[in-house]
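This report concerns only the one structure given below.
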Amino acid sequence: MMRRKFSLWLKLSRKGVVYVFLLIMVGFCLFPLYIVINTSLKDQVEIFMNFLALPRNPRFYHYVTVWIQSHFNRFFLNSVIISLPTAVIATSVSLLAAYPFANLRFKGNKALFLVFLAGIMVSPISLIIPSYINLRFLRLLNSYFGVMFPLTAMGIPFGVFLLTIHCQSIPKELMDAGRIDGCGEAAILLNIFLPLMSPGLKAVFVVELLWAWNSYIIPLVLLQDHNLMPLTVGLDLFSGRYGTEYPLIATGATIAFVPMIILFLITQKSFKRGITTGALK
Amino acid sequence: MVNMHREKYRFMIKALPYLMILPALVIYSIFLILPVVENFIFSLVSWESGVYEGFIGLTNYSRMLLRDPLFIESLVHNLMWVGLLILFPVVIGLVIAATLAGKIKGRLFFSTIYFIPYTIPLVVASTAWVWMYNPLFGPVNIALKTMGLSHLARGWLGESRYALLALSLCGSWTHLGFCVLIFLSSLQGVDPSLYEAAWLDGASSLKSFFYITVPSLRRTLVFIVLYSFIVSMKIFAIVWTATSGGPSHATEVIETYMFWLYFREDKLSYASTAVSILTIIVLVISAIAIYPYRRTSERG
């Protein structure tokens, strides 16, 4: 009797330890973000009194200050203007390319695919000197397009890779069934292929949007006009100028990262499925 | 008449794949491949401080690899980043994923929360962790002090010995969730009857972890390790925002060194050499890692 109780207790405490471990990791992951958001709601004085505690009276006026006076509304708008079209173009162009890689036979299929794959390894730092020179030549420096094209180019390899995998996971029989039933190629594409691809497309779109939104190096180098800078660069600039104004920087940082978290939380199911399908190739 | 149409039709069918790939290829070539190639070309000439002096072959490379201690130091730091980003996020990610794969309530909740740091810009992550490491009121030092380990509390990012280590924790923090996600989905594909058989044979959980879990994950492990390697080569934003290369180059990596070479010292071709070396390293290692798996995905 005692032994049974003991082994039950052992089992429960093992499970308990596991949950404690998992919860500690939750704290580890969220704590730095808590610090940032927390600081944005406090006064300078309150911060120095106790950095970690929740604010007594959360003050939201920092958000107004940073949003309007420090032009974060402009930075936010720029982030949207730069990342949304980039994601759209990168995803659609990658889809166009993924279909032949997955389903069609042609010379150079493997070689071209490897060429695209290699782009995943390239660090954005490698692009900045030549991009600067090229864009200056193309008169695209310091413009939205000037940033969008390199960002799209950086997003294409991963997009092609993921979408090709997704295309390959669509059983060919479904499309052949459509052909046998007499549908034209276009109808097959629209009614069978695209709906089946839609979770993958959603995932890739969100990934591209995330990457474009979070990109730092390329906008940093290719944009000099403050009115064009996205949130990442704007935040960096802002921190440089107001180094010790912790509440303000925290506010700016919160504005920079919260939208993407919201996006992730909304789309997490298809997002996760899309990425893991690619990894389990 | 019918024959002429059929010829055109056949040609279009043959050209279709290339036409579909073309838009992606064009953007990709002009804005990614071309710059990479240009880097190599720039590295083979002398172009410093706006003065173009012509072709000098591999002189920059020999200078950088053999006579530039700062570059070697940066390279070593890069390798340290690789090691740290593989050690912490991959190992702990695997442990977490293995835990979550069992009978755990709230699996979705946990895996989602762990993934959140992956979604934030590196600049924000860097800023947050700079505050975490603040010597006076940063949570890291405060936690150490409350745990009675105040002799371990120090100015983490300000000391050459610990700056890189401290920064790598920030990098690991961003990367952990991704590893958890990938490992978890891979683990959920493992046949549970294998574990049952092992349990019946009396294997402890640790043993079954090493003899069943790890081998089933071999492919995923390779992918994650390779991906962690690639990620560790893209950490410019973290280092630059936090320490700009560290207290006297303690956190200097190839990316930041190159940035400094070009934007502070105006050494265009020398900076291009650094970046070209980085690109070559990444491509070679990736090729070696993928080579055993080359037969897998492509069709046609």
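Starting from 1 in every chain, residues are counted up; chains themselves are A, B, ... following the order of the structure tokens, and ligands are numbered from 1 as listed.
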(message) I want to know what sits within 9 Å of Gly252 (chain A), based on only C-alpha atoms, with residues of the same chain fewer than 3 positions away left out; could you give that as a list in words?
(response)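 Listing them by chain and then by number gives Ser40, Tyr63, Val66, Trp67, Phe72, Leu231, Gly234, Leu235, Phe238, Ser239, Pro247, Leu248, Ile249, Ile255, Ala256 and Phe257 of chain A.
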(message) If we count only C-alpha atoms and set the cut-off at 12 Å, which residues sit around Ser244 (chain B), ignoring sequence neighbours fewer than 5 positions away in its own chain? Please answer as a PyMOL selection string.
(response) chain B and resi 126+157-158+163-164+167+235-239+249-260
(message) Env of Gly83 (chain B): 10 Å cut, atoms = only C-alpha atoms, seq-sep filter 6 positions within chain, self excluded. Answer as a PyMOL selection string.
(response) chain B and resi 77+168+225+228-229+232
Could you take the residues named above and write them with C-alpha atoms, as an mmCIF file, in the first residue's frame?
data_model
loop_
_atom_site.group_PDB
_atom_site.id
_atom_site.type_symbol
_atom_site.label_atom_id
_atom_site.label_comp_id
_atom_site.auth_asym_id
_atom_site.auth_seq_id
_atom_site.Cartn_x
_atom_site.Cartn_y
_atom_site.Cartn_z
ATOM 1 C CA HIS B 77 33.813 34.535 -32.952
ATOM 2 C CA SER B 168 24.701 34.413 -27.791
ATOM 3 C CA VAL B 225 21.983 21.930 -37.265
ATOM 4 C CA SER B 228 21.280 26.925 -37.007
ATOM 5 C CA PHE B 229 24.598 27.297 -38.738
ATOM 6 C CA SER B 232 24.461 32.064 -36.826
#
(request) Just the residues within 9 Å of region 158-172 of chain A, please, counting only C-alpha atoms, with nothing from its chain fewer than 3 positions along; format it as a PyMOL selection string. (result) (chain A and resi 90-91+93-103+113+116-117+119-120+154-155+175-177+193+196-197+200-201+204-205+207-208+274-275+277-279+281) or (chain B and resi 24+297-299)
(request) With a distance threshold of 6 Å and counting only C-alpha atoms, extract the residues of chain B near chain A and express them as JSON, numbers by chain. (result) {"B": [17, 20, 21, 24, 27, 28, 31, 32, 35, 120, 121, 124, 128, 182, 230, 234, 275, 300]}
(request) Determine the nearest neighbour of Thr174 (chain B) from the options B:Thr119, B:Ser193, B:Ser269, B:Thr127, counting only C-alpha atoms. (result) B:Thr119
(request) Please provide the set of residues having any atom within 7 Å of Glu48 (chain B), restricted to only C-alpha atoms, with same-chain residues fewer than 3 positions apart removed, written as a PyMOL selection string. (result) chain B and resi 51-52+266-269
(request) Going by DSSP on the backbone, which bits of region 18-255 of chain B are strand (DSSP E)? Write them as a ChimeraX atom specification, please. (result) /B:45-48,51-55
(message) Report, in Å to a single decimal, how far apart CA of Leu181 (chain B) and CA of Gly93 (chain B) are.
(response)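 Taking CA of Gly93 (chain B) as the start and CA of Leu181 (chain B) as the end point, the length is 8.3 Å.
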(message) What's the separation between CA of Phe271 (chain A) and CA of Val80 (chain A), in Å to one decimal place?
(response)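 So the answer is 19.6 Å.
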(request) Among the residues of region 10-239 of chain A, find those DSSP assigns to helix (DSSP H, G or I) from the backbone and print them as number ranges by chain. (result) A: 10-40, 44-49, 61-69, 72-103, 109-121, 125-137, 144-168, 172-180, 185-214, 217-222, 226-228, 231-239
(message) Report, in Å to a single decimal, how far apart CA of Val147 (chain A) and CA of Leu223 (chain A) are.
(response) 7.7 Å
